[in-house]
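Worksheet: the structure to be examined is printed underneath.
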Amino acid sequence: MKGITVLGSTGSIGVSTLDVVARHPEKYRIIAITANLQVDKIVAQAKQFNPEYIVMANEDAAHQAEGILKQEGVCHIEVLAGTEGLEKVSSLPQVDYVMAAIVGAAGLLPSLAAAKAGKRVLLANKEALVMSGQIFIDEIKKNGAELLPIDSEHNAIFQCMPEKISYSLSDMSVSRILLTASGGPFRDRTLDELENVTPDQACAHPNWSMGRKISVDSATMMNKGLEVIEARWLFNASADDIQVVVHPQSVIHSMVQYIDGSVLAQLGNPDMRTPIAHAMAWPERIESGVENLNIFDVAHLDFVAPDFDRFPCLRLAYESLHKGGTSTAVLNAANEIAVDAFLNETISFLHIPKVIESVLNEVAVVEANHLDIILQADSEARAIAKETISRLNR
Ligand code: NAD
Ligand code: MG
């Protein structure tokens with residue numbers, strides 16, 4: 001029986017994780033669930049999964065959740081608040097696996113706490129690796145933790161790698177990683193047509209159902225940019241080892257090319273319960289609730305090169321990765337602020353890359369060898385992004 005903490009249990013990945021857990025009550029037990037402010041949703045989850053702990057982002061939401069649980073006669077669940085609470089439930093001795101599914105930089109410290117406590121980290125929160133890749137990987141190694149990718153592409157790559165992952169791609173005879181991208185809802189739009197797109201249009205992804213932040217990231221293709229950086233750290237690859245391939249059907253979730261000319265791919269229906277179940281059960285397999293792929297329905301698969309002119313966020317991500325140091329943390333922070341402003345209709349869709357590029361040009365890049373330095377770069381980038389946005393609106 002494995003004890004699991006689900007960070008971000010009320011989100012898209014969190015809900016899919018609980019769905020897989022509910023299919024295997026003899027294998028997994030929920031120890032803790034956490035959410036930002038969605039009190040009603042987490043209380044309903046607590047009643048179904050009977051965890052030992054709930055963590056809410058602030059004291060107010062925690063009091064509310066506690067109040068409702070008490071009213072309903074549920075008194076044995078400890079309700080905590082804030083980052084300290086998240087770090088605690090990521091490192092409890094009875095927790096074996098931590099699903100890191102908080103969106104954005106807020107997920108960094110609790111995911112890192114799981115790494116430090118030597119847990120199996122099921123990593124959906126790609127922003128943690130984008131911000132602090134080297135530190136994160138070092139903590140995983142130093143503390144005997146395991147890092148299993150939940151992001152569907154990285155999970156696919158992991159499945160296509162040799163069983164024993166070595167230090168470098170060349171040691172494994174891998175010549176290239178082919179990272180697939182759906183291209184998002186605006187794949188075929190011209191720049192002119194992108195001028196007036198709305199948040200709801202950006203969030204209507206053709207193949208995947210996801211939270212709003214990652215949906216906008218898919219529409220700008222920043223999601224793919226963040227994933228290139230994520231792949232760099234997960235597989236110790238360089239930017240040049242990773243080729244983005246636009247594959248609109250989202251049936252192949254990524255590929256690995258070997259020096260003998262072989263290309264291995266992982267295929268499946270676009271449903272996150274597959275990578276979640278894979279990472280939970282690894283090296284075994286369990287049922288996930290996902291229907292088998294009907295290969296005849298798929299019929300054909302398309303592949304095209306990405307367009308860096310229409311999707312400048314992808315170019316900015318590659319440039320950041322080349323620059324290294326705190327540059328990717330700055331990219332991530334500026335993106336979070338710009339996406340938020342777009343979702344609140346403060347800036348237009350095409351302003352998102354403009355804000356990010358302007359922040360990248362303003363913030364000095366330094367070596368990212370300490371968490372404090374990364375958090376400092378993150379807050380500086382956020383402040384400058386907000387200034388840039390208010391300048392745009394003046
Ligand atoms: P979501 O918005 O649906 O859910 C986010 C979760 O984090 C919620 O439970 C929310 O309450 C919690 N949260 C948000 N802000 C918080 C804060 N400040 N403090 C504490 N908790 C907070 O997002 P999602 O789509 O489930 O994505 C989660 C992560 O997984 C992201 O990093 C995303 O990039 C990654 N991911 C998602 C998918 C997908 O299919 N949804 C696929 C690959 C990777
Ligand atoms: Mg992905």
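Residue numbering restarts at 1 for every chain of the structure tokens, chains are lettered A, B, ... in their displayed order, and ligands are numbered from 1 as they appear.
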* To do: If you run DSSP over the backbone, which residues in stretch 79-206 of chain A end up strand (DSSP E)? Put them as a VMD selection string.
  => chain A and resid 79 to 81 97 to 100 120 to 123 146 to 149 174 to 181
Could the residues in this selection be written to a file with N, CA, C and O atoms, as a PDB file, in the first residue's frame?
ATOM      1  N   VAL A  79      -6.411  20.267   9.163  1.00  0.00           N
ATOM      2  CA  VAL A  79      -6.424  21.242   8.074  1.00  0.00           C
ATOM      3  C   VAL A  79      -5.298  22.260   8.293  1.00  0.00           C
ATOM      4  O   VAL A  79      -5.232  22.914   9.331  1.00  0.00           O
ATOM      5  N   LEU A  80      -4.399  22.356   7.320  1.00  0.00           N
ATOM      6  CA  LEU A  80      -3.247  23.254   7.422  1.00  0.00           C
ATOM      7  C   LEU A  80      -3.352  24.334   6.354  1.00  0.00           C
ATOM      8  O   LEU A  80      -4.181  24.237   5.448  1.00  0.00           O
ATOM      9  N   ALA A  81      -2.453  25.341   6.450  1.00  0.00           N
ATOM     10  CA  ALA A  81      -2.489  26.432   5.463  1.00  0.00           C
ATOM     11  C   ALA A  81      -1.086  26.827   5.026  1.00  0.00           C
ATOM     12  O   ALA A  81      -0.123  26.679   5.774  1.00  0.00           O
ATOM     13  N   TYR A  97       4.562   8.607  -2.327  1.00  0.00           N
ATOM     14  CA  TYR A  97       4.531   9.307  -3.604  1.00  0.00           C
ATOM     15  C   TYR A  97       3.919  10.694  -3.418  1.00  0.00           C
ATOM     16  O   TYR A  97       2.930  10.842  -2.713  1.00  0.00           O
ATOM     17  N   VAL A  98       4.511  11.692  -4.089  1.00  0.00           N
ATOM     18  CA  VAL A  98       3.925  13.032  -4.086  1.00  0.00           C
ATOM     19  C   VAL A  98       3.603  13.416  -5.521  1.00  0.00           C
ATOM     20  O   VAL A  98       4.495  13.493  -6.368  1.00  0.00           O
ATOM     21  N   MET A  99       2.316  13.619  -5.803  1.00  0.00           N
ATOM     22  CA  MET A  99       1.900  14.139  -7.101  1.00  0.00           C
ATOM     23  C   MET A  99       2.040  15.656  -7.038  1.00  0.00           C
ATOM     24  O   MET A  99       1.339  16.319  -6.274  1.00  0.00           O
ATOM     25  N   ALA A 100       2.983  16.209  -7.804  1.00  0.00           N
ATOM     26  CA  ALA A 100       3.232  17.654  -7.793  1.00  0.00           C
ATOM     27  C   ALA A 100       2.409  18.286  -8.907  1.00  0.00           C
ATOM     28  O   ALA A 100       2.860  18.377 -10.042  1.00  0.00           O
ATOM     29  N   ARG A 120       9.036   9.463  -4.110  1.00  0.00           N
ATOM     30  CA  ARG A 120       8.839   9.377  -5.561  1.00  0.00           C
ATOM     31  C   ARG A 120       8.038  10.618  -5.941  1.00  0.00           C
ATOM     32  O   ARG A 120       6.891  10.776  -5.503  1.00  0.00           O
ATOM     33  N   VAL A 121       8.643  11.489  -6.744  1.00  0.00           N
ATOM     34  CA  VAL A 121       7.972  12.722  -7.148  1.00  0.00           C
ATOM     35  C   VAL A 121       7.350  12.499  -8.521  1.00  0.00           C
ATOM     36  O   VAL A 121       8.052  12.221  -9.503  1.00  0.00           O
ATOM     37  N   LEU A 122       6.030  12.585  -8.579  1.00  0.00           N
ATOM     38  CA  LEU A 122       5.306  12.470  -9.853  1.00  0.00           C
ATOM     39  C   LEU A 122       5.135  13.910 -10.320  1.00  0.00           C
ATOM     40  O   LEU A 122       4.294  14.645  -9.803  1.00  0.00           O
ATOM     41  N   LEU A 123       5.965  14.325 -11.267  1.00  0.00           N
ATOM     42  CA  LEU A 123       6.068  15.764 -11.560  1.00  0.00           C
ATOM     43  C   LEU A 123       5.208  16.209 -12.738  1.00  0.00           C
ATOM     44  O   LEU A 123       5.519  15.942 -13.892  1.00  0.00           O
ATOM     45  N   GLU A 146      12.949   9.670  -6.359  1.00  0.00           N
ATOM     46  CA  GLU A 146      12.715   9.263  -7.758  1.00  0.00           C
ATOM     47  C   GLU A 146      11.928  10.372  -8.429  1.00  0.00           C
ATOM     48  O   GLU A 146      11.017  10.934  -7.818  1.00  0.00           O
ATOM     49  N   LEU A 147      12.253  10.660  -9.679  1.00  0.00           N
ATOM     50  CA  LEU A 147      11.537  11.705 -10.412  1.00  0.00           C
ATOM     51  C   LEU A 147      10.886  11.069 -11.633  1.00  0.00           C
ATOM     52  O   LEU A 147      11.582  10.609 -12.539  1.00  0.00           O
ATOM     53  N   LEU A 148       9.558  11.020 -11.631  1.00  0.00           N
ATOM     54  CA  LEU A 148       8.849  10.427 -12.769  1.00  0.00           C
ATOM     55  C   LEU A 148       7.980  11.483 -13.437  1.00  0.00           C
ATOM     56  O   LEU A 148       7.190  12.157 -12.782  1.00  0.00           O
ATOM     57  N   PRO A 149       8.169  11.663 -14.752  1.00  0.00           N
ATOM     58  CA  PRO A 149       7.438  12.726 -15.444  1.00  0.00           C
ATOM     59  C   PRO A 149       5.974  12.385 -15.691  1.00  0.00           C
ATOM     60  O   PRO A 149       5.649  11.289 -16.151  1.00  0.00           O
ATOM     61  N   VAL A 174      21.149   7.478 -27.787  1.00  0.00           N
ATOM     62  CA  VAL A 174      20.033   8.306 -28.262  1.00  0.00           C
ATOM     63  C   VAL A 174      20.619   9.458 -29.070  1.00  0.00           C
ATOM     64  O   VAL A 174      21.561  10.122 -28.625  1.00  0.00           O
ATOM     65  N   SER A 175      20.094   9.690 -30.280  1.00  0.00           N
ATOM     66  CA  SER A 175      20.614  10.807 -31.059  1.00  0.00           C
ATOM     67  C   SER A 175      19.744  12.052 -30.921  1.00  0.00           C
ATOM     68  O   SER A 175      20.224  13.168 -31.061  1.00  0.00           O
ATOM     69  N   ARG A 176      18.454  11.876 -30.635  1.00  0.00           N
ATOM     70  CA  ARG A 176      17.580  13.039 -30.581  1.00  0.00           C
ATOM     71  C   ARG A 176      16.280  12.722 -29.851  1.00  0.00           C
ATOM     72  O   ARG A 176      15.783  11.602 -29.916  1.00  0.00           O
ATOM     73  N   ILE A 177      15.734  13.730 -29.218  1.00  0.00           N
ATOM     74  CA  ILE A 177      14.391  13.628 -28.644  1.00  0.00           C
ATOM     75  C   ILE A 177      13.453  14.395 -29.567  1.00  0.00           C
ATOM     76  O   ILE A 177      13.736  15.542 -29.927  1.00  0.00           O
ATOM     77  N   LEU A 178      12.366  13.761 -29.978  1.00  0.00           N
ATOM     78  CA  LEU A 178      11.364  14.438 -30.817  1.00  0.00           C
ATOM     79  C   LEU A 178      10.149  14.734 -29.930  1.00  0.00           C
ATOM     80  O   LEU A 178       9.400  13.820 -29.564  1.00  0.00           O
ATOM     81  N   LEU A 179      10.032  15.989 -29.553  1.00  0.00           N
ATOM     82  CA  LEU A 179       8.999  16.425 -28.605  1.00  0.00           C
ATOM     83  C   LEU A 179       7.784  16.892 -29.392  1.00  0.00           C
ATOM     84  O   LEU A 179       7.849  17.911 -30.087  1.00  0.00           O
ATOM     85  N   THR A 180       6.690  16.161 -29.285  1.00  0.00           N
ATOM     86  CA  THR A 180       5.527  16.529 -30.111  1.00  0.00           C
ATOM     87  C   THR A 180       4.700  17.625 -29.452  1.00  0.00           C
ATOM     88  O   THR A 180       4.662  17.761 -28.234  1.00  0.00           O
ATOM     89  N   ALA A 181       4.031  18.398 -30.321  1.00  0.00           N
ATOM     90  CA  ALA A 181       3.180  19.511 -29.893  1.00  0.00           C
ATOM     91  C   ALA A 181       1.910  19.451 -30.725  1.00  0.00           C
ATOM     92  O   ALA A 181       1.972  19.215 -31.929  1.00  0.00           O
TER      93      ALA A 181
END
Chain A near ligand 2 within 8 Å: what's each residue's closest atom pair and its distance in Å to one decimal, counting only C-alpha atoms and all ligand atoms, ordered by chain then ascending residue number, as a tab-separated table?
residue	atom	partner	partner_atom_place_in_ligand_line	distance
A:Asp151	CA	ligand 2	1 (Mg)	4.6
A:Ser152	CA	ligand 2	1 (Mg)	5.0
A:Glu153	CA	ligand 2	1 (Mg)	5.3
A:His154	CA	ligand 2	1 (Mg)	7.3
A:Ala181	CA	ligand 2	1 (Mg)	7.9
A:Asn223	CA	ligand 2	1 (Mg)	7.1
A:Lys224	CA	ligand 2	1 (Mg)	7.2
A:Glu227	CA	ligand 2	1 (Mg)	6.7
* Asked: Residues at most 9 Å from stretch 360-365 of chain A, counting only C-alpha atoms, excluding those fewer than 4 positions away in the same chain, as a ChimeraX atom specification?
  -> /A:316,320,323-327,330-331,334,355-356,377,380-381,384
Hey, can you spit out that residue selection with N, CA, C and O atoms as a PDB file, in the first residue's frame?
ATOM      1  N   LEU A 316      11.503  32.334 -27.648  1.00  0.00           N
ATOM      2  CA  LEU A 316      11.998  32.933 -26.401  1.00  0.00           C
ATOM      3  C   LEU A 316      12.450  31.852 -25.420  1.00  0.00           C
ATOM      4  O   LEU A 316      13.446  32.021 -24.711  1.00  0.00           O
ATOM      5  N   SER A 320      16.172  31.461 -23.929  1.00  0.00           N
ATOM      6  CA  SER A 320      16.414  31.426 -22.475  1.00  0.00           C
ATOM      7  C   SER A 320      17.250  30.225 -22.082  1.00  0.00           C
ATOM      8  O   SER A 320      18.145  30.316 -21.252  1.00  0.00           O
ATOM      9  N   LYS A 323      20.756  30.789 -22.959  1.00  0.00           N
ATOM     10  CA  LYS A 323      21.390  31.747 -22.036  1.00  0.00           C
ATOM     11  C   LYS A 323      21.700  31.088 -20.702  1.00  0.00           C
ATOM     12  O   LYS A 323      22.714  31.355 -20.074  1.00  0.00           O
ATOM     13  N   GLY A 324      20.790  30.239 -20.229  1.00  0.00           N
ATOM     14  CA  GLY A 324      20.997  29.506 -18.979  1.00  0.00           C
ATOM     15  C   GLY A 324      20.825  30.376 -17.749  1.00  0.00           C
ATOM     16  O   GLY A 324      20.214  31.448 -17.798  1.00  0.00           O
ATOM     17  N   GLY A 325      21.382  29.928 -16.622  1.00  0.00           N
ATOM     18  CA  GLY A 325      21.289  30.656 -15.355  1.00  0.00           C
ATOM     19  C   GLY A 325      19.849  30.946 -14.964  1.00  0.00           C
ATOM     20  O   GLY A 325      18.965  30.089 -15.106  1.00  0.00           O
ATOM     21  N   THR A 326      19.608  32.183 -14.488  1.00  0.00           N
ATOM     22  CA  THR A 326      18.260  32.539 -14.026  1.00  0.00           C
ATOM     23  C   THR A 326      17.321  32.906 -15.180  1.00  0.00           C
ATOM     24  O   THR A 326      16.162  33.235 -14.950  1.00  0.00           O
ATOM     25  N   SER A 327      17.833  32.837 -16.427  1.00  0.00           N
ATOM     26  CA  SER A 327      17.028  33.279 -17.563  1.00  0.00           C
ATOM     27  C   SER A 327      15.695  32.509 -17.674  1.00  0.00           C
ATOM     28  O   SER A 327      14.650  33.106 -17.958  1.00  0.00           O
ATOM     29  N   VAL A 330      13.199  33.695 -15.123  1.00  0.00           N
ATOM     30  CA  VAL A 330      12.652  34.995 -15.539  1.00  0.00           C
ATOM     31  C   VAL A 330      11.580  34.782 -16.614  1.00  0.00           C
ATOM     32  O   VAL A 330      10.485  35.355 -16.557  1.00  0.00           O
ATOM     33  N   LEU A 331      11.891  33.925 -17.579  1.00  0.00           N
ATOM     34  CA  LEU A 331      10.926  33.581 -18.635  1.00  0.00           C
ATOM     35  C   LEU A 331       9.620  33.084 -18.018  1.00  0.00           C
ATOM     36  O   LEU A 331       8.526  33.529 -18.368  1.00  0.00           O
ATOM     37  N   ALA A 334       7.698  35.926 -16.010  1.00  0.00           N
ATOM     38  CA  ALA A 334       7.096  36.910 -16.918  1.00  0.00           C
ATOM     39  C   ALA A 334       5.894  36.282 -17.627  1.00  0.00           C
ATOM     40  O   ALA A 334       4.852  36.925 -17.794  1.00  0.00           O
ATOM     41  N   VAL A 355       5.484  41.167 -23.740  1.00  0.00           N
ATOM     42  CA  VAL A 355       5.790  41.403 -22.314  1.00  0.00           C
ATOM     43  C   VAL A 355       6.977  40.528 -21.891  1.00  0.00           C
ATOM     44  O   VAL A 355       7.932  41.003 -21.270  1.00  0.00           O
ATOM     45  N   ILE A 356       6.941  39.266 -22.272  1.00  0.00           N
ATOM     46  CA  ILE A 356       8.000  38.337 -21.835  1.00  0.00           C
ATOM     47  C   ILE A 356       9.355  38.774 -22.403  1.00  0.00           C
ATOM     48  O   ILE A 356      10.362  38.809 -21.679  1.00  0.00           O
ATOM     49  N   ALA A 377      15.149  36.389  -8.682  1.00  0.00           N
ATOM     50  CA  ALA A 377      14.947  36.636 -10.119  1.00  0.00           C
ATOM     51  C   ALA A 377      13.462  36.536 -10.455  1.00  0.00           C
ATOM     52  O   ALA A 377      12.929  37.339 -11.228  1.00  0.00           O
ATOM     53  N   GLU A 380      11.715  39.712  -9.156  1.00  0.00           N
ATOM     54  CA  GLU A 380      12.111  40.881  -9.960  1.00  0.00           C
ATOM     55  C   GLU A 380      11.385  40.840 -11.319  1.00  0.00           C
ATOM     56  O   GLU A 380      10.839  41.843 -11.788  1.00  0.00           O
ATOM     57  N   ALA A 381      11.362  39.665 -11.935  1.00  0.00           N
ATOM     58  CA  ALA A 381      10.716  39.512 -13.244  1.00  0.00           C
ATOM     59  C   ALA A 381       9.222  39.804 -13.153  1.00  0.00           C
ATOM     60  O   ALA A 381       8.644  40.435 -14.045  1.00  0.00           O
ATOM     61  N   ILE A 384       8.732  43.608 -12.936  1.00  0.00           N
ATOM     62  CA  ILE A 384       8.974  44.282 -14.215  1.00  0.00           C
ATOM     63  C   ILE A 384       7.875  43.934 -15.222  1.00  0.00           C
ATOM     64  O   ILE A 384       7.439  44.784 -16.007  1.00  0.00           O
TER      65      ILE A 384
END
Nearby polymer residues, ligand 1, at most 7 Å, only C-alpha atoms and all ligand atoms, as a PDB file with C-alpha atoms, in the first residue's frame:
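Wrote part_20.pdb, looks like this:
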ATOM      1  CA  LEU A   7      -0.582  18.695  -4.342  1.00  0.00           C
ATOM      2  CA  GLY A   8      -3.238  20.587  -6.320  1.00  0.00           C
ATOM      3  CA  SER A   9      -5.911  17.888  -5.949  1.00  0.00           C
ATOM      4  CA  THR A  10      -8.746  20.146  -7.180  1.00  0.00           C
ATOM      5  CA  GLY A  11      -7.090  20.881 -10.537  1.00  0.00           C
ATOM      6  CA  SER A  12      -7.265  19.001 -13.795  1.00  0.00           C
ATOM      7  CA  ILE A  13      -4.274  16.725 -13.025  1.00  0.00           C
ATOM      8  CA  GLY A  14      -5.297  16.395  -9.361  1.00  0.00           C
ATOM      9  CA  THR A  34      -4.278  20.368  -1.195  1.00  0.00           C
ATOM     10  CA  ALA A  35      -5.883  23.287  -3.034  1.00  0.00           C
ATOM     11  CA  ASN A  36      -5.648  26.999  -3.531  1.00  0.00           C
ATOM     12  CA  LEU A  37      -9.095  28.303  -2.510  1.00  0.00           C
ATOM     13  CA  GLN A  38     -11.636  25.740  -3.786  1.00  0.00           C
ATOM     14  CA  MET A  56      -5.303  25.273   1.692  1.00  0.00           C
ATOM     15  CA  ALA A  57      -3.301  28.204   0.296  1.00  0.00           C
ATOM     16  CA  ALA A 101       0.261  19.198  -9.625  1.00  0.00           C
ATOM     17  CA  ILE A 102       0.105  22.771  -8.363  1.00  0.00           C
ATOM     18  CA  VAL A 103       0.241  25.154 -11.304  1.00  0.00           C
ATOM     19  CA  GLY A 104       3.096  27.652 -11.626  1.00  0.00           C
ATOM     20  CA  ALA A 106       3.665  28.184  -6.263  1.00  0.00           C
ATOM     21  CA  GLY A 107       4.448  24.494  -6.789  1.00  0.00           C
ATOM     22  CA  ALA A 124       3.316  17.596 -13.429  1.00  0.00           C
ATOM     23  CA  ASN A 125       4.461  21.039 -12.228  1.00  0.00           C
ATOM     24  CA  LYS A 126       6.922  21.680 -15.093  1.00  0.00           C
ATOM     25  CA  GLU A 127       7.457  25.254 -13.856  1.00  0.00           C
ATOM     26  CA  ILE A 150       3.670  13.216 -15.656  1.00  0.00           C
ATOM     27  CA  ASP A 151       3.729  15.676 -18.540  1.00  0.00           C
ATOM     28  CA  SER A 152       2.472  13.420 -21.349  1.00  0.00           C
ATOM     29  CA  TRP A 208      -6.732  18.068 -24.187  1.00  0.00           C
ATOM     30  CA  SER A 209      -8.849  19.357 -21.306  1.00  0.00           C
ATOM     31  CA  MET A 210      -6.565  21.283 -18.907  1.00  0.00           C
ATOM     32  CA  GLY A 211      -6.368  24.176 -16.422  1.00  0.00           C
ATOM     33  CA  ARG A 212      -6.601  27.709 -17.865  1.00  0.00           C
ATOM     34  CA  LYS A 213      -2.946  28.696 -17.433  1.00  0.00           C
ATOM     35  CA  ILE A 214      -1.539  25.687 -19.304  1.00  0.00           C
ATOM     36  CA  MET A 272      -3.608  12.338 -18.611  1.00  0.00           C
TER      37      MET A 272
END
* Can you list, as a PyMOL selection string, every protein, DNA or RNA residue that comes within 12 Å of A:Ser170 when you count only C-alpha atoms, leaving out same-chain residues fewer than 3 positions away? -> chain A and resi 161-162+165-167+173-177+235-238+241+257-259
* Please return as a PyMOL selection string: the residues of stretch 146-219 of chain A that backbone DSSP assigns to alpha helix (DSSP H). => chain A and resi 152-160+191-194+199-203+212-219
Take the residues that were just selected and, keeping N, CA and C atoms, output them as a PDB file, in the first residue's frame.
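What landed in part16.pdb:
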ATOM      1  N   SER A 152       2.677  14.581 -20.469  1.00  0.00           N
ATOM      2  CA  SER A 152       2.472  13.420 -21.349  1.00  0.00           C
ATOM      3  C   SER A 152       3.670  13.185 -22.274  1.00  0.00           C
ATOM      4  N   GLU A 153       4.278  14.281 -22.771  1.00  0.00           N
ATOM      5  CA  GLU A 153       5.416  14.135 -23.694  1.00  0.00           C
ATOM      6  C   GLU A 153       6.611  13.514 -22.973  1.00  0.00           C
ATOM      7  N   HIS A 154       6.869  14.003 -21.768  1.00  0.00           N
ATOM      8  CA  HIS A 154       8.050  13.537 -21.031  1.00  0.00           C
ATOM      9  C   HIS A 154       7.845  12.131 -20.518  1.00  0.00           C
ATOM     10  N   ASN A 155       6.598  11.829 -20.174  1.00  0.00           N
ATOM     11  CA  ASN A 155       6.290  10.463 -19.786  1.00  0.00           C
ATOM     12  C   ASN A 155       6.492   9.534 -20.985  1.00  0.00           C
ATOM     13  N   ALA A 156       6.092  10.004 -22.175  1.00  0.00           N
ATOM     14  CA  ALA A 156       6.284   9.216 -23.400  1.00  0.00           C
ATOM     15  C   ALA A 156       7.780   9.000 -23.671  1.00  0.00           C
ATOM     16  N   ILE A 157       8.564  10.058 -23.529  1.00  0.00           N
ATOM     17  CA  ILE A 157      10.015   9.958 -23.764  1.00  0.00           C
ATOM     18  C   ILE A 157      10.617   8.959 -22.783  1.00  0.00           C
ATOM     19  N   PHE A 158      10.214   9.097 -21.515  1.00  0.00           N
ATOM     20  CA  PHE A 158      10.699   8.174 -20.477  1.00  0.00           C
ATOM     21  C   PHE A 158      10.381   6.724 -20.869  1.00  0.00           C
ATOM     22  N   GLN A 159       9.166   6.507 -21.380  1.00  0.00           N
ATOM     23  CA  GLN A 159       8.774   5.146 -21.782  1.00  0.00           C
ATOM     24  C   GLN A 159       9.579   4.647 -22.981  1.00  0.00           C
ATOM     25  N   CYS A 160      10.092   5.575 -23.814  1.00  0.00           N
ATOM     26  CA  CYS A 160      10.849   5.179 -25.008  1.00  0.00           C
ATOM     27  C   CYS A 160      12.362   5.110 -24.756  1.00  0.00           C
ATOM     28  N   LEU A 191      -1.054  35.646 -38.146  1.00  0.00           N
ATOM     29  CA  LEU A 191      -0.803  36.637 -37.091  1.00  0.00           C
ATOM     30  C   LEU A 191      -1.956  37.632 -36.993  1.00  0.00           C
ATOM     31  N   ASP A 192      -2.497  38.034 -38.142  1.00  0.00           N
ATOM     32  CA  ASP A 192      -3.630  38.969 -38.137  1.00  0.00           C
ATOM     33  C   ASP A 192      -4.819  38.377 -37.401  1.00  0.00           C
ATOM     34  N   GLU A 193      -5.040  37.096 -37.652  1.00  0.00           N
ATOM     35  CA  GLU A 193      -6.199  36.442 -37.017  1.00  0.00           C
ATOM     36  C   GLU A 193      -5.998  36.260 -35.511  1.00  0.00           C
ATOM     37  N   LEU A 194      -4.738  36.327 -35.065  1.00  0.00           N
ATOM     38  CA  LEU A 194      -4.461  36.138 -33.633  1.00  0.00           C
ATOM     39  C   LEU A 194      -4.675  37.423 -32.829  1.00  0.00           C
ATOM     40  N   PRO A 199      -9.742  34.947 -24.254  1.00  0.00           N
ATOM     41  CA  PRO A 199      -9.301  33.891 -23.329  1.00  0.00           C
ATOM     42  C   PRO A 199     -10.087  32.584 -23.520  1.00  0.00           C
ATOM     43  N   ASP A 200     -11.390  32.678 -23.723  1.00  0.00           N
ATOM     44  CA  ASP A 200     -12.164  31.436 -23.878  1.00  0.00           C
ATOM     45  C   ASP A 200     -11.761  30.672 -25.136  1.00  0.00           C
ATOM     46  N   GLN A 201     -11.460  31.409 -26.214  1.00  0.00           N
ATOM     47  CA  GLN A 201     -10.989  30.736 -27.443  1.00  0.00           C
ATOM     48  C   GLN A 201      -9.629  30.091 -27.184  1.00  0.00           C
ATOM     49  N   ALA A 202      -8.777  30.783 -26.440  1.00  0.00           N
ATOM     50  CA  ALA A 202      -7.436  30.251 -26.159  1.00  0.00           C
ATOM     51  C   ALA A 202      -7.519  29.001 -25.284  1.00  0.00           C
ATOM     52  N   CYS A 203      -8.545  28.948 -24.429  1.00  0.00           N
ATOM     53  CA  CYS A 203      -8.647  27.813 -23.497  1.00  0.00           C
ATOM     54  C   CYS A 203      -9.386  26.618 -24.104  1.00  0.00           C
ATOM     55  N   ARG A 212      -6.616  26.559 -16.948  1.00  0.00           N
ATOM     56  CA  ARG A 212      -6.601  27.709 -17.865  1.00  0.00           C
ATOM     57  C   ARG A 212      -5.197  28.217 -18.166  1.00  0.00           C
ATOM     58  N   LYS A 213      -4.294  28.172 -17.187  1.00  0.00           N
ATOM     59  CA  LYS A 213      -2.946  28.696 -17.433  1.00  0.00           C
ATOM     60  C   LYS A 213      -2.242  27.852 -18.495  1.00  0.00           C
ATOM     61  N   ILE A 214      -2.236  26.542 -18.325  1.00  0.00           N
ATOM     62  CA  ILE A 214      -1.539  25.687 -19.304  1.00  0.00           C
ATOM     63  C   ILE A 214      -2.274  25.711 -20.645  1.00  0.00           C
ATOM     64  N   SER A 215      -3.581  25.957 -20.645  1.00  0.00           N
ATOM     65  CA  SER A 215      -4.304  26.045 -21.922  1.00  0.00           C
ATOM     66  C   SER A 215      -3.829  27.264 -22.716  1.00  0.00           C
ATOM     67  N   VAL A 216      -3.658  28.394 -22.041  1.00  0.00           N
ATOM     68  CA  VAL A 216      -3.136  29.580 -22.738  1.00  0.00           C
ATOM     69  C   VAL A 216      -1.700  29.315 -23.191  1.00  0.00           C
ATOM     70  N   ASP A 217      -0.909  28.652 -22.315  1.00  0.00           N
ATOM     71  CA  ASP A 217       0.462  28.303 -22.703  1.00  0.00           C
ATOM     72  C   ASP A 217       0.474  27.436 -23.967  1.00  0.00           C
ATOM     73  N   SER A 218      -0.512  26.564 -24.113  1.00  0.00           N
ATOM     74  CA  SER A 218      -0.572  25.738 -25.327  1.00  0.00           C
ATOM     75  C   SER A 218      -0.902  26.598 -26.537  1.00  0.00           C
ATOM     76  N   ALA A 219      -1.782  27.579 -26.328  1.00  0.00           N
ATOM     77  CA  ALA A 219      -2.190  28.440 -27.440  1.00  0.00           C
ATOM     78  C   ALA A 219      -1.032  29.320 -27.921  1.00  0.00           C
TER      79      ALA A 219
END
* To do: Tell me which of A:Arg273, A:His278, A:Arg382, A:Lys354 sits closest to A:Ser16, counting only C-alpha atoms.
  =>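 Residue with the minimum atom-to-atom distance to A:Ser16: A:Arg273.
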* Close residues, A:Gly118 itself excluded, 9 Å, only C-alpha atoms, min 2 positions apart in chain, as a list in words ->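 Near A:Gly118, the qualifying residues are Ser91, Asp96, Ala113, Ala114, Ala115, Lys116, Arg120, Val121, Glu139, Ile140, Lys141, Lys142, Asn143, Gly144, Ala145 and Glu146 of chain A.
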* Asked: To one decimal place, how far is atom CA of A:Ile30 from atom CA of A:Ile77 in Å?
  ->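 Pair atom CA of A:Ile30 / atom CA of A:Ile77 returns 12.0 Å.
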